[in-house]
>>> print(open('my_file32.cif').read())   # mmCIF, C-alpha atoms and all ligand atoms
data_entry
loop_
_atom_site.label_atom_id
_atom_site.label_comp_id
_atom_site.auth_asym_id
_atom_site.auth_seq_id
_atom_site.Cartn_x
_atom_site.Cartn_y
_atom_site.Cartn_z
CA MET A 1 6.84 -30.69 -22.48
CA ASP A 2 8.51 -31.74 -19.28
CA PHE A 3 6.45 -34.53 -17.76
CA GLY A 4 8.77 -35.02 -14.84
CA ARG A 5 7.93 -31.82 -13.03
CA SER A 6 4.46 -32.46 -11.78
CA GLU A 7 4.72 -29.83 -9.07
CA THR A 8 4.68 -27.09 -11.66
CA GLY A 9 2.19 -26.68 -14.45
CA PRO A 10 -0.81 -24.44 -14.76
CA ALA A 11 -3.30 -26.62 -12.90
CA ASN A 12 -1.23 -26.88 -9.79
CA SER A 13 -1.91 -24.07 -7.36
CA GLU A 14 -5.62 -23.94 -7.99
CA GLN A 15 -6.50 -25.15 -4.49
CA ASP A 16 -5.46 -21.79 -3.17
CA LEU A 17 -7.40 -19.69 -5.64
CA VAL A 18 -10.17 -17.57 -4.25
CA ALA A 19 -12.36 -15.50 -6.53
CA LEU A 20 -14.81 -13.00 -5.07
CA LYS A 21 -17.24 -10.63 -6.65
CA ILE A 22 -18.70 -7.27 -5.80
CA LEU A 23 -21.53 -5.76 -7.82
CA ILE A 24 -21.70 -2.11 -8.77
CA ALA A 25 -25.31 -1.08 -9.20
CA GLY A 26 -27.22 2.13 -9.60
CA GLY A 27 -29.24 4.08 -12.10
CA PHE A 28 -28.44 5.13 -15.60
CA GLY A 29 -25.34 7.31 -15.92
CA VAL A 30 -24.58 7.35 -12.21
CA GLY A 31 -20.89 6.50 -12.60
CA LYS A 32 -20.71 2.69 -12.54
CA THR A 33 -18.31 2.42 -15.47
CA THR A 34 -16.20 5.25 -14.08
CA LEU A 35 -15.97 3.57 -10.67
CA VAL A 36 -14.90 0.20 -12.05
CA GLY A 37 -12.34 1.94 -14.26
CA ALA A 38 -10.88 3.88 -11.32
CA VAL A 39 -9.69 0.75 -9.49
CA SER A 40 -9.44 -1.83 -12.19
CA GLU A 41 -8.88 -2.47 -15.79
CA ILE A 42 -12.34 -2.44 -17.34
CA ARG A 43 -13.22 -5.07 -19.83
CA PRO A 44 -16.55 -4.97 -21.52
CA LEU A 45 -18.46 -8.17 -21.09
CA ARG A 46 -21.31 -9.18 -23.32
CA THR A 47 -24.02 -11.57 -22.39
CA GLU A 48 -27.07 -12.74 -24.22
CA GLU A 49 -28.77 -14.33 -21.24
CA ALA A 50 -32.02 -12.93 -22.54
CA LEU A 51 -32.27 -16.03 -24.68
CA SER A 52 -32.17 -18.56 -21.91
CA ALA A 53 -34.18 -16.30 -19.65
CA ALA A 54 -36.96 -16.54 -22.20
CA GLY A 55 -36.94 -20.24 -21.42
CA ARG A 56 -37.30 -21.18 -25.03
CA PRO A 57 -36.27 -24.72 -25.93
CA VAL A 58 -33.18 -24.65 -28.06
CA ASP A 59 -34.41 -27.08 -30.66
CA ASP A 60 -37.82 -25.55 -31.02
CA THR A 61 -37.62 -24.17 -34.53
CA THR A 62 -40.65 -21.98 -33.99
CA GLY A 63 -38.46 -20.08 -31.58
CA VAL A 64 -35.81 -19.22 -34.12
CA GLU A 65 -37.17 -15.77 -34.79
CA GLN A 66 -36.99 -15.12 -31.05
CA LYS A 67 -33.23 -15.46 -31.13
CA LYS A 68 -32.74 -11.91 -32.36
CA THR A 69 -32.03 -10.84 -28.84
CA THR A 70 -29.48 -8.13 -28.43
CA THR A 71 -26.49 -8.77 -26.31
CA VAL A 72 -26.23 -6.80 -23.10
CA ALA A 73 -23.03 -5.07 -22.14
CA MET A 74 -21.78 -5.01 -18.57
CA ASP A 75 -18.68 -3.55 -17.02
CA PHE A 76 -16.31 -6.05 -15.66
CA GLY A 77 -13.08 -5.46 -13.79
CA ARG A 78 -10.51 -7.45 -11.94
CA ILE A 79 -8.36 -6.55 -8.96
CA THR A 80 -5.63 -8.99 -8.00
CA LEU A 81 -5.08 -8.59 -4.28
CA ARG A 82 -2.37 -11.19 -4.12
CA GLU A 83 -1.55 -14.28 -6.03
CA GLY A 84 -4.56 -16.53 -5.61
CA LEU A 85 -6.93 -13.86 -4.29
CA VAL A 86 -8.85 -12.00 -6.94
CA LEU A 87 -11.73 -9.58 -6.63
CA TYR A 88 -14.04 -9.19 -9.60
CA LEU A 89 -16.25 -6.16 -10.07
CA PHE A 90 -19.40 -6.38 -12.16
CA GLY A 91 -21.32 -3.28 -13.14
CA THR A 92 -24.97 -4.20 -13.40
CA PRO A 93 -26.83 -3.08 -16.50
CA GLY A 94 -28.69 0.11 -15.60
CA GLN A 95 -31.88 -0.46 -17.52
CA ASP A 96 -34.73 -2.14 -15.77
CA ARG A 97 -35.44 -4.55 -18.55
CA PHE A 98 -32.24 -6.39 -17.75
CA TRP A 99 -33.20 -7.12 -14.19
CA PHE A 100 -33.13 -10.83 -14.73
CA LEU A 101 -29.39 -10.61 -15.17
CA TRP A 102 -28.97 -9.51 -11.63
CA ASP A 103 -29.94 -12.83 -10.16
CA GLU A 104 -27.00 -14.48 -11.77
CA LEU A 105 -24.70 -11.61 -10.92
CA ALA A 106 -25.92 -11.51 -7.34
CA THR A 107 -25.46 -15.22 -6.73
CA GLY A 108 -22.41 -15.68 -4.60
CA ALA A 109 -21.62 -11.96 -4.49
CA LEU A 110 -19.74 -10.91 -1.39
CA GLY A 111 -21.46 -7.54 -1.50
CA ALA A 112 -22.59 -4.63 -3.61
CA VAL A 113 -22.10 -0.92 -4.08
CA VAL A 114 -25.21 1.07 -4.86
CA LEU A 115 -24.17 4.31 -6.50
CA ALA A 116 -26.52 7.21 -5.95
CA ASP A 117 -26.80 10.63 -7.52
CA THR A 118 -28.51 13.02 -5.12
CA ARG A 119 -30.18 14.79 -8.03
CA ARG A 120 -31.97 11.56 -8.90
CA LEU A 121 -31.99 9.51 -5.74
CA GLU A 122 -35.05 7.57 -6.81
CA ASP A 123 -32.96 5.92 -9.53
CA CYS A 124 -31.30 3.72 -6.95
CA PHE A 125 -34.43 2.65 -5.05
CA ALA A 126 -34.70 -0.50 -7.13
CA ALA A 127 -31.13 -1.54 -6.41
CA VAL A 128 -31.46 -0.86 -2.67
CA ASP A 129 -34.65 -2.91 -2.60
CA TYR A 130 -33.09 -5.75 -4.48
CA PHE A 131 -30.06 -6.15 -2.23
CA GLU A 132 -32.09 -5.67 0.95
CA ARG A 133 -34.50 -8.39 -0.04
CA ARG A 134 -31.74 -10.79 -0.94
CA GLY A 135 -29.74 -10.09 2.20
CA ILE A 136 -26.69 -9.07 0.22
CA PRO A 137 -24.48 -6.65 2.16
CA PHE A 138 -24.28 -3.32 0.37
CA ALA A 139 -22.99 0.18 0.84
CA VAL A 140 -24.38 3.30 -0.76
CA GLY A 141 -21.84 5.45 -2.55
CA VAL A 142 -23.12 8.98 -3.02
CA ASN A 143 -21.35 10.04 -6.15
CA CYS A 144 -20.08 13.58 -6.03
CA PHE A 145 -21.74 15.30 -8.85
CA GLU A 146 -22.55 18.95 -8.31
CA GLY A 147 -24.50 19.47 -5.13
CA ALA A 148 -23.67 16.15 -3.52
CA ARG A 149 -21.45 17.80 -0.92
CA THR A 150 -24.38 19.81 0.31
CA PHE A 151 -26.38 16.65 0.77
CA PRO A 152 -25.28 15.06 4.05
CA PRO A 153 -25.10 11.27 4.26
CA GLN A 154 -27.77 11.24 6.92
CA ALA A 155 -30.22 12.89 4.51
CA VAL A 156 -29.46 10.20 1.97
CA ARG A 157 -29.90 7.52 4.60
CA ASP A 158 -33.29 8.92 5.55
CA ALA A 159 -34.42 9.36 1.98
CA LEU A 160 -33.51 5.76 1.19
CA ASP A 161 -34.83 4.50 4.51
CA LEU A 162 -31.65 2.55 5.15
CA SER A 163 -30.94 0.62 8.29
CA ASP A 164 -28.24 2.17 10.47
CA SER A 165 -25.78 -0.57 9.67
CA VAL A 166 -25.65 0.22 5.95
CA PRO A 167 -22.63 2.40 5.19
CA VAL A 168 -23.31 5.61 3.28
CA VAL A 169 -20.14 7.03 1.81
CA LEU A 170 -19.60 10.21 -0.17
CA CYS A 171 -17.41 9.36 -3.11
CA ASP A 172 -16.01 10.46 -6.38
CA ALA A 173 -16.12 7.59 -8.81
CA ARG A 174 -13.32 9.17 -10.83
CA ASP A 175 -10.93 8.97 -7.91
CA ARG A 176 -9.11 5.76 -7.15
CA GLU A 177 -8.64 6.35 -3.42
CA SER A 178 -12.25 7.33 -3.01
CA THR A 179 -13.40 4.27 -4.89
CA LYS A 180 -11.19 2.04 -2.77
CA GLU A 181 -12.84 3.48 0.34
CA VAL A 182 -16.27 2.58 -0.98
CA LEU A 183 -15.19 -0.98 -1.74
CA ILE A 184 -13.56 -1.31 1.68
CA SER A 185 -16.75 -0.14 3.38
CA VAL A 186 -18.70 -2.86 1.57
CA VAL A 187 -16.30 -5.60 2.60
CA GLU A 188 -16.19 -4.32 6.19
CA HIS A 189 -19.96 -4.36 6.22
CA ALA A 190 -19.99 -7.93 4.88
CA LEU A 191 -17.51 -8.90 7.57
CA GLU A 192 -19.67 -7.37 10.30
CA ALA A 193 -22.69 -9.19 8.96
CA SER A 194 -20.76 -12.42 8.97
CA VAL A 195 -19.57 -11.93 12.55
CA ARG A 196 -23.10 -11.07 13.65
CA ARG A 197 -24.45 -14.23 12.06
CA ARG A 198 -21.83 -16.36 13.74
CA THR A 199 -22.54 -14.95 17.17
CA PRO A 200 -26.31 -14.62 17.38
CA GLU A 201 -27.71 -12.50 20.14
CA PRO A 202 -28.74 -14.65 23.11
CA SER A 203 -32.44 -15.13 22.88
CA ALA A 204 -34.67 -14.51 25.87
CA PRO A 205 -35.47 -17.74 27.72
CA MET B 206 -19.18 -39.97 -26.63
CA PRO B 207 -20.34 -36.57 -27.72
CA ALA B 208 -22.89 -35.28 -25.24
CA HIS B 209 -24.58 -33.12 -27.79
CA GLY B 210 -24.60 -35.56 -30.67
CA ASP B 211 -28.35 -35.96 -30.63
CA ARG B 212 -28.75 -32.33 -31.54
CA GLY B 213 -27.12 -33.02 -34.88
CA ALA B 214 -30.38 -33.11 -36.77
CA ASN B 215 -30.72 -29.42 -36.27
CA GLY B 216 -27.04 -28.72 -36.34
CA GLY B 217 -26.95 -27.24 -39.81
CA GLN B 218 -29.63 -24.69 -39.04
CA TRP B 219 -28.67 -21.24 -40.19
CA TYR B 220 -30.53 -18.19 -39.06
CA ASP B 221 -31.77 -15.48 -41.34
CA ASP B 222 -30.09 -12.14 -41.95
CA GLU B 223 -32.23 -10.39 -39.42
CA ALA B 224 -30.63 -12.37 -36.67
CA GLY B 225 -27.79 -9.89 -37.02
CA PRO B 226 -24.77 -10.20 -34.82
CA VAL B 227 -25.99 -13.30 -33.04
CA VAL B 228 -25.73 -15.41 -36.15
CA ARG B 229 -22.05 -15.97 -35.89
CA PRO B 230 -21.91 -17.07 -32.24
CA TYR B 231 -24.91 -19.31 -32.62
CA ALA B 232 -23.52 -20.86 -35.74
CA MET B 233 -20.35 -21.45 -33.79
CA THR B 234 -22.21 -23.32 -31.10
CA ARG B 235 -24.38 -25.09 -33.65
CA GLY B 236 -27.46 -23.43 -32.32
CA ARG B 237 -26.99 -24.65 -28.79
CA THR B 238 -27.64 -22.16 -26.07
CA ARG B 239 -27.37 -24.47 -23.11
CA SER B 240 -24.86 -26.94 -21.97
CA ALA B 241 -25.15 -29.66 -19.41
CA ALA B 242 -22.44 -27.98 -17.42
CA GLU B 243 -24.03 -24.58 -17.50
CA ASP B 244 -25.03 -24.47 -13.88
CA LYS B 245 -21.45 -25.05 -12.90
CA LEU B 246 -20.29 -22.13 -14.94
CA ASP B 247 -20.74 -19.16 -12.69
CA LEU B 248 -19.20 -15.98 -14.07
CA ILE B 249 -16.37 -16.25 -11.58
CA ALA B 250 -15.99 -20.00 -11.74
CA LEU B 251 -12.38 -20.74 -12.62
CA VAL B 252 -11.56 -22.80 -15.65
CA VAL B 253 -8.48 -24.93 -15.19
CA ILE B 254 -6.75 -26.72 -18.00
CA GLU B 255 -6.35 -30.50 -17.82
CA PRO B 256 -2.84 -31.86 -18.38
CA ARG B 257 -4.23 -33.66 -21.42
CA ALA B 258 -4.82 -30.32 -23.14
CA VAL B 259 -1.44 -28.94 -22.11
CA ASN B 260 0.35 -31.91 -23.61
CA GLY B 261 -0.97 -30.99 -27.02
CA ASP B 262 -2.21 -34.53 -27.48
CA LEU B 263 -5.44 -33.44 -29.07
CA GLU B 264 -5.18 -34.95 -32.52
CA GLY B 265 -6.41 -38.31 -31.30
CA SER B 266 -9.50 -36.93 -29.59
CA SER B 267 -12.08 -37.72 -32.21
CA GLU B 268 -14.95 -36.75 -29.97
CA LEU B 269 -14.39 -33.07 -30.45
CA ALA B 270 -13.33 -31.14 -33.48
CA LEU B 271 -11.76 -28.11 -31.87
CA ALA B 272 -12.93 -24.85 -33.33
CA PRO B 273 -10.51 -21.92 -33.21
CA GLU B 274 -12.63 -20.55 -30.37
CA HIS B 275 -12.12 -23.73 -28.32
CA GLN B 276 -8.42 -23.47 -29.03
CA HIS B 277 -8.38 -19.85 -28.00
CA ILE B 278 -9.99 -20.69 -24.66
CA ILE B 279 -7.44 -23.44 -24.06
CA GLU B 280 -4.59 -21.06 -24.82
CA LEU B 281 -5.92 -18.45 -22.43
CA CYS B 282 -6.30 -20.99 -19.63
CA MET B 283 -2.83 -22.34 -20.18
CA VAL B 284 -1.29 -19.14 -18.86
CA GLU B 285 -3.34 -19.25 -15.66
CA PRO B 286 -6.79 -20.44 -14.57
CA MET B 287 -9.35 -18.01 -15.96
CA SER B 288 -12.81 -17.03 -14.81
CA VAL B 289 -15.71 -17.54 -17.19
CA ALA B 290 -16.13 -13.75 -17.29
CA GLU B 291 -12.53 -13.16 -18.28
CA LEU B 292 -12.73 -15.78 -20.98
CA ALA B 293 -15.76 -14.02 -22.42
CA ALA B 294 -14.05 -10.63 -22.23
CA ASP B 295 -10.80 -11.86 -23.74
CA THR B 296 -12.36 -13.86 -26.55
CA ASN B 297 -14.86 -11.08 -27.16
CA LEU B 298 -17.67 -13.61 -27.17
CA PRO B 299 -20.94 -13.35 -25.27
CA VAL B 300 -20.94 -15.22 -21.98
CA GLY B 301 -23.59 -17.69 -23.15
CA VAL B 302 -21.48 -18.71 -26.10
CA VAL B 303 -18.42 -19.18 -23.93
CA ARG B 304 -20.45 -21.42 -21.62
CA VAL B 305 -21.44 -23.65 -24.50
CA LEU B 306 -17.86 -23.87 -25.74
CA LEU B 307 -16.71 -24.67 -22.21
CA GLY B 308 -19.36 -27.38 -22.07
CA ASP B 309 -17.69 -28.99 -25.08
CA LEU B 310 -14.28 -28.74 -23.46
CA LEU B 311 -15.63 -30.22 -20.23
CA ASP B 312 -17.21 -33.10 -22.13
CA ALA B 313 -13.89 -33.73 -23.81
CA GLU B 314 -12.14 -33.52 -20.44
CA LEU B 315 -9.78 -30.85 -21.65
CA VAL B 316 -10.67 -28.48 -18.84
CA ARG B 317 -12.23 -28.66 -15.43
CA VAL B 318 -14.05 -26.05 -13.44
CA ARG B 319 -13.49 -24.83 -9.94
CA ARG B 320 -16.58 -23.37 -8.42
CA PRO B 321 -16.30 -20.10 -6.58
CA VAL B 322 -17.32 -19.84 -2.96
CA PRO B 323 -20.66 -21.63 -2.59
CA PRO B 324 -23.44 -19.08 -3.20
CA ALA B 325 -25.30 -19.57 0.05
CA GLN B 326 -22.31 -18.91 2.19
CA LEU B 327 -20.11 -15.88 2.60
CA PRO B 328 -16.38 -16.27 2.21
CA ASP B 329 -14.76 -16.82 5.55
CA GLU B 330 -13.84 -13.92 7.75
CA ARG B 331 -10.14 -14.43 7.35
CA ILE B 332 -10.50 -13.90 3.63
CA LEU B 333 -12.69 -10.85 4.07
CA ARG B 334 -10.03 -9.31 6.32
CA GLU B 335 -7.44 -10.12 3.73
CA VAL B 336 -9.53 -8.40 1.06
CA ILE B 337 -9.85 -5.28 3.21
CA ASN B 338 -6.11 -5.15 3.82
CA GLY B 339 -5.41 -5.90 0.19
CA LEU B 340 -7.61 -3.04 -0.95
CA ARG B 341 -5.97 -0.65 1.50
CA ALA B 342 -2.59 -1.63 0.18
CA LEU B 343 -3.48 -1.10 -3.48
N1 LIG C 401 -18.50 15.18 -11.46
C1 LIG C 401 -18.48 13.85 -11.49
N2 LIG C 401 -18.71 13.22 -12.67
C2 LIG C 401 -18.70 11.87 -12.68
C3 LIG C 401 -18.47 11.11 -11.51
N3 LIG C 401 -18.55 9.80 -11.82
C4 LIG C 401 -18.84 9.74 -13.12
N4 LIG C 401 -18.93 10.99 -13.66
C5 LIG C 401 -19.26 11.32 -15.05
O1 LIG C 401 -20.61 10.94 -15.28
C6 LIG C 401 -20.79 10.40 -16.57
C7 LIG C 401 -21.44 9.02 -16.50
O2 LIG C 401 -20.57 8.12 -15.85
P1 LIG C 401 -20.54 6.55 -16.22
O3 LIG C 401 -19.45 5.96 -15.41
O4 LIG C 401 -20.50 6.34 -17.68
O5 LIG C 401 -21.95 6.10 -15.67
P2 LIG C 401 -22.63 4.66 -15.77
O6 LIG C 401 -23.33 4.42 -14.48
O7 LIG C 401 -21.63 3.65 -16.20
O8 LIG C 401 -23.68 4.90 -16.93
P3 LIG C 401 -24.56 3.80 -17.71
O9 LIG C 401 -23.68 2.63 -17.92
O10 LIG C 401 -24.92 4.50 -18.99
O11 LIG C 401 -25.75 3.53 -16.85
C8 LIG C 401 -19.40 10.37 -17.20
O12 LIG C 401 -19.28 11.48 -18.06
C9 LIG C 401 -18.47 10.49 -16.02
O13 LIG C 401 -17.26 11.14 -16.36
C10 LIG C 401 -18.19 11.82 -10.30
O14 LIG C 401 -17.96 11.24 -9.24
N5 LIG C 401 -18.22 13.16 -10.35
MG MG C 402 -21.71 2.33 -17.85
#
>>> encode(input="my_file32.cif", output="structure tokens")
Amino acid sequence: MDFGRSETGPANSEQDLVALKILIAGGFGVGKTTLVGAVSEIRPLRTEEALSAAGRPVDDTTGVEQKKTTTVAMDFGRITLREGLVLYLFGTPGQDRFWFLWDELATGALGAVVLADTRRLEDCFAAVDYFERRGIPFAVGVNCFEGARTFPPQAVRDALDLSDSVPVVLCDARDRESTKEVLISVVEHALEASVRRRTPEPSAP
Amino acid sequence: MPAHGDRGANGGQWYDDEAGPVVRPYAMTRGRTRSAAEDKLDLIALVVIEPRAVNGDLEGSSELALAPEHQHIIELCMVEPMSVAELAADTNLPVGVVRVLLGDLLDAELVRVRRPVPPAQLPDERILREVINGLRAL
């Protein structure tokens, strides 16, 4: 170990590290795993937050039988944009019973992608609702399963009752370029939201 | 001064067979599912190794008997600072277990944690522009 070279070492450049996250949400089987895999290495992540969400005291022995909670799998990917700037993608669990996980995932998220399948648009209502209510910038990616091309973005926008500022993008989750476009539209939307907040409209006197 | 020492009374608790795959992680964390540091440990919080851990001077630290899982986390963070999520993925442990193990390492001052961008506030616009350009360039 070379103690003399304090300017090197693993804990050195941490001041410059920025980690950001984008959530990938949507109904069951809509292409979340595929999308994360198209732009990033996917690593399965397991969490057993269900235990703490139950709010059961750790040392309460009567609660021991409650610990048989299953772990929940999420998709997790990483995109290194440059040294010190990393974007993490988290695929939210599709099933409703894992809703409580979203709060943690959503905290500090720069934005979200809501994937929609036009054959089952209602599957993404919950996600749209969730991000709208929390004020998290999101874009809707209309995943190109059969028939999606015949479903214009405006129809999707109307069906989901989205505000005009929310991007609606046709995409193919299997395609890297297409997936990049969806992610870019989310970040651009977040940027617009940020600019708008910084320069509030002049209020009437 | 072990922060979790007072939990020792229950430390030997072993769960029954039906507990299935959670038995092993919970045994590993001695039944603890929370750590004092938990609220610091966002999924994208970065775990940075302390020089103390790099120097391999761990034999003298009586406050913490390092389990192989602690050691594994230290090794991963030695290469570069790692997010909590990556540590969980790379150790193949559930996130909650990794948080508890990190709590131990924080108590022993072997690692420290860098919070991500504060939740209430968006990253600054310069960074967002950089992300957009970075994605385009991928
Ligand atoms: N035609 C077409 N098929 C797709 C597209 N995206 C995903 N698929 C297929 O749809 C199936 C489901 O995709 P997944 O990525 O596993 O969906 P998911 O949202 O992760 O599913 P859950 O995690 O089970 O909710 C897979 O067989 C994919 O190959 C797409 O854009 N077009
Ligand atoms: Mg999936």
>>> closest_residue(input="my_file32.cif", among="A:Ile184, A:Leu45, A:Leu121, A:Val128", to="ligand MG 402 (chain C)", atoms="only C-alpha atoms and all ligand atoms")
A:Leu45
>>> residues_near_ligand(input="my_file32.cif", ligand="ligand MG 402 (chain C)", cutoff="7 Å", atoms="only C-alpha atoms and all ligand atoms", output="PDB file with C-alpha atoms, in the frame of the given file")
ATOM      1  CA  GLY A  29     -25.340   7.310 -15.920  1.00  0.00           C
ATOM      2  CA  GLY A  31     -20.890   6.500 -12.600  1.00  0.00           C
ATOM      3  CA  LYS A  32     -20.710   2.690 -12.540  1.00  0.00           C
ATOM      4  CA  THR A  33     -18.310   2.420 -15.470  1.00  0.00           C
ATOM      5  CA  ASP A  75     -18.680  -3.550 -17.020  1.00  0.00           C
TER       6      ASP A  75
END
>>> atom_distance(input="my_file32.cif", atom1="CA of Leu170 in chain A", atom2="atom C4 of ligand LIG 401 (chain C)")
13.0 Å
>>> residues_near_ligand(input="my_file32.cif", ligand="ligand LIG 401 (chain C)", cutoff="9 Å", atoms="all atoms listed in the file", output="NGL selection string")
:A and (24-37 or 73-75 or 91-95 or 115 or 142-146 or 171-175)
>>> atom_distance(input="my_file32.cif", atom1="CA of Arg157 in chain A", atom2="CA of Arg196 in chain A")
21.8 Å
>>> atom_distance(input="my_file32.cif", atom1="CA of Glu48 in chain A", atom2="CA of Val302 in chain B")
8.4 Å
>>> closest_residue(input="my_file32.cif", among="A:Val166, A:Val182, A:Leu191, A:Val113", to="chain B", atoms="all atoms listed in the file")
A:Leu191
>>> residues_around(input="my_file32.cif", residues="range 332-334 of chain B", least_positions_apart="2", cutoff="12 Å", atoms="all atoms listed in the file", output="VMD selection string")
(chain A and resid 16 to 21 81 to 82 84 to 87 110 to 111 183 to 195) or (chain B and resid 322 327 to 330 336 to 341)
>>> residues_around(input="my_file32.cif", residues="Asp247 in chain B", least_positions_apart="4", cutoff="9 Å", atoms="only C-alpha atoms", output="PDB file with C-alpha atoms, in the coordinates of the input")
ATOM      1  CA  GLU A 104     -27.000 -14.480 -11.770  1.00  0.00           C
ATOM      2  CA  LEU A 105     -24.700 -11.610 -10.920  1.00  0.00           C
ATOM      3  CA  THR A 107     -25.460 -15.220  -6.730  1.00  0.00           C
ATOM      4  CA  GLY A 108     -22.410 -15.680  -4.600  1.00  0.00           C
TER       5      GLY A 108
ATOM      6  CA  GLU B 243     -24.030 -24.580 -17.500  1.00  0.00           C
ATOM      7  CA  LEU B 251     -12.380 -20.740 -12.620  1.00  0.00           C
ATOM      8  CA  SER B 288     -12.810 -17.030 -14.810  1.00  0.00           C
ATOM      9  CA  VAL B 289     -15.710 -17.540 -17.190  1.00  0.00           C
ATOM     10  CA  ALA B 290     -16.130 -13.750 -17.290  1.00  0.00           C
ATOM     11  CA  ARG B 320     -16.580 -23.370  -8.420  1.00  0.00           C
ATOM     12  CA  PRO B 321     -16.300 -20.100  -6.580  1.00  0.00           C
TER      13      PRO B 321
END
>>> residues_around(input="my_file32.cif", residues="Val303 in chain B", least_positions_apart="3", cutoff="10 Å", atoms="only C-alpha atoms", output="list in words")
Thr47 of chain A; Pro230, Thr234, Thr238, Leu246, Glu274, His275, Ile278, Val289, Ala290, Leu292, Ala293, Ala294, Thr296, Asn297, Leu298, Pro299, Val300, Leu306, Leu307, Gly308 and Asp309 of chain B
>>> closest_residue(input="my_file32.cif", among="B:Glu285, B:Val252, B:Ala313, B:Glu280", to="chain A", atoms="all atoms listed in the file")
B:Glu285
